[in-house]
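**Q** Take this structure first; my questions come after.
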Amino acid sequence: QVQLVESGGGLVQAGGSLRLSCVASRSISSINALAWYRQAPGKQRELVASIDAGGSTTYADSVKGRFTISRDSAVYLQMNSLKLEDTGVYYCYARIVSFLVYEYWGQGTQVTVSS
């Protein structure tokens with residue numbers, strides 16, 4: 001079992017920046033893949049960015065060039081040039097592959113971008 005705890009959300013004006021952090025209850029280096037998802041009101045949860053154990057990253061088209069995912073002792077999401085449509089609850093996700101695939105989610109942190 002892995003617990004994920006997010007922090008760093010809040011209220012920010014459009015064009016501003018936030019940095020989200022996700023701390024895991026086990027070593028980050030032992031986790032195969034980490035990602036950030038978000039869910040806006042009335043919409044489905046969507047993948048924002050992911051990073052694998054080798055450091056390879058993927059991004060949703062809507063955040064490319066603005067968001068950066070990274071990992072060391074935790075996983076981070078640096079969000080710049082925030083837009084109103086970035087508003088939502090951001091969830092940390094971890095996947096561990098060990099004979100079976102184990103998936104874990106954090107409780108989420110609210111990000112609200114205002115005009």
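Please note that chains go A, B, ... in the order of the structure tokens, that every chain numbers its residues from 1, and that ligands are numbered from 1 in the order shown.
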Which region 10-55 of chain A residues have any atom within 12 Å of an atom of region 96-105 of chain A, and for each, what is the nearest pair of atoms with distance in Å to one decimal, counting only C-alpha atoms, rows sorted by chain and number, as JSON lines?
**A**
{"residue": "A:Cys22", "atom": "CA", "partner": "A:Trp105", "partner_atom": "CA", "distance": 10.4}
{"residue": "A:Val23", "atom": "CA", "partner": "A:Trp105", "partner_atom": "CA", "distance": 11.5}
{"residue": "A:Ala24", "atom": "CA", "partner": "A:Tyr104", "partner_atom": "CA", "distance": 10.0}
{"residue": "A:Ser25", "atom": "CA", "partner": "A:Tyr104", "partner_atom": "CA", "distance": 11.2}
{"residue": "A:Arg26", "atom": "CA", "partner": "A:Ile96", "partner_atom": "CA", "distance": 11.1}
{"residue": "A:Ser27", "atom": "CA", "partner": "A:Ile96", "partner_atom": "CA", "distance": 11.5}
{"residue": "A:Ile28", "atom": "CA", "partner": "A:Ile96", "partner_atom": "CA", "distance": 10.4}
{"residue": "A:Ser29", "atom": "CA", "partner": "A:Ile96", "partner_atom": "CA", "distance": 10.6}
{"residue": "A:Ser30", "atom": "CA", "partner": "A:Ile96", "partner_atom": "CA", "distance": 7.8}
{"residue": "A:Ile31", "atom": "CA", "partner": "A:Ile96", "partner_atom": "CA", "distance": 5.3}
{"residue": "A:Asn32", "atom": "CA", "partner": "A:Ile96", "partner_atom": "CA", "distance": 5.2}
{"residue": "A:Ala33", "atom": "CA", "partner": "A:Ile96", "partner_atom": "CA", "distance": 6.9}
{"residue": "A:Leu34", "atom": "CA", "partner": "A:Ile96", "partner_atom": "CA", "distance": 9.1}
{"residue": "A:Ala35", "atom": "CA", "partner": "A:Trp105", "partner_atom": "CA", "distance": 9.7}
{"residue": "A:Trp36", "atom": "CA", "partner": "A:Trp105", "partner_atom": "CA", "distance": 9.6}
{"residue": "A:Tyr37", "atom": "CA", "partner": "A:Trp105", "partner_atom": "CA", "distance": 9.6}
{"residue": "A:Arg38", "atom": "CA", "partner": "A:Trp105", "partner_atom": "CA", "distance": 11.6}
{"residue": "A:Asp52", "atom": "CA", "partner": "A:Ile96", "partner_atom": "CA", "distance": 10.6}
{"residue": "A:Ala53", "atom": "CA", "partner": "A:Ile96", "partner_atom": "CA", "distance": 10.3}
**Q** As a ChimeraX atom specification, list the residues of chain A assigned to helix (DSSP H, G or I) by DSSP on the backbone atoms of this structure.
**A** /A:28-30,61-63,84-86
**Q** Return the single residue from A:Gln3, A:Ser115, A:Thr58, A:Ser81 that is closest to Ser17 (chain A), with distances computed using only C-alpha atoms.
**A**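 Comparing A:Gln3, A:Ser115, A:Thr58, A:Ser81 against Ser17 (chain A), the winner is A:Ser81.
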**Q** Run DSSP on the backbone and tell me which residues of chain A come out as strand (DSSP E or B); list them as a ChimeraX atom specification.
**A** /A:4-7,10-13,18-24,33-39,46-52,57-59,67-71,75-79,88-98,100-105,109-114
**Q** Mind checking which residues fall within 10 Å of Gly16 (chain A), counting only C-alpha atoms, ignoring those fewer than 3 positions away in the same chain, and posting them as a VMD selection string?
**A** chain A and resid 11 to 13 79 to 83 113 to 114
**Q** Selected residues, N, CA and C atoms, written as a tab-separated table (two decimals), in the first residue's frame, please.
**A**
chain	number	residue	atom	x	y	z
A	11	LEU	N	-5.49	29.37	-4.78
A	11	LEU	CA	-6.13	30.32	-5.68
A	11	LEU	C	-5.06	31.21	-6.29
A	12	VAL	N	-5.09	31.35	-7.60
A	12	VAL	CA	-4.09	32.15	-8.30
A	12	VAL	C	-4.76	32.87	-9.47
A	13	GLN	N	-4.24	34.03	-9.81
A	13	GLN	CA	-4.77	34.76	-10.94
A	13	GLN	C	-4.26	34.17	-12.25
A	79	MET	N	3.51	24.67	-12.59
A	79	MET	CA	2.49	25.17	-13.50
A	79	MET	C	2.68	26.67	-13.69
A	80	ASN	N	2.97	27.06	-14.91
A	80	ASN	CA	3.18	28.46	-15.24
A	80	ASN	C	2.12	28.92	-16.23
A	81	SER	N	1.98	30.22	-16.34
A	81	SER	CA	1.02	30.81	-17.28
A	81	SER	C	-0.35	30.16	-17.14
A	82	LEU	N	-0.82	30.08	-15.93
A	82	LEU	CA	-2.07	29.39	-15.66
A	82	LEU	C	-3.24	30.09	-16.34
A	83	LYS	N	-4.18	29.26	-16.79
A	83	LYS	CA	-5.38	29.74	-17.47
A	83	LYS	C	-6.61	29.35	-16.66
A	113	VAL	N	-8.04	29.03	-10.73
A	113	VAL	CA	-7.46	30.15	-11.46
A	113	VAL	C	-8.55	31.17	-11.71
A	114	SER	N	-8.30	32.38	-11.27
A	114	SER	CA	-9.31	33.45	-11.40
A	114	SER	C	-8.87	34.48	-12.42
**Q** If I take CA of Gln107 (chain A) and CA of Gly15 (chain A), how far is one from the other in Å, to one decimal?
**A** 26.0 Å
**Q** Show which residues sit within 7 Å of Gln78 (chain A), as a count of residues only. Count only C-alpha atoms, and ignore same-chain residues fewer than 3 positions away.
**A** 6
**Q** I want to know what sits within 9 Å of Ser70 (chain A), based on only C-alpha atoms, with residues of the same chain fewer than 2 positions away left out; could you give that as a list in words?
**A**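 These residues fall inside the cut-off: Ser50, Ile51, Gly55, Thr57, Thr68, Asp72, Ala74, Val75, Tyr76, Leu77 and Gln78 of chain A.
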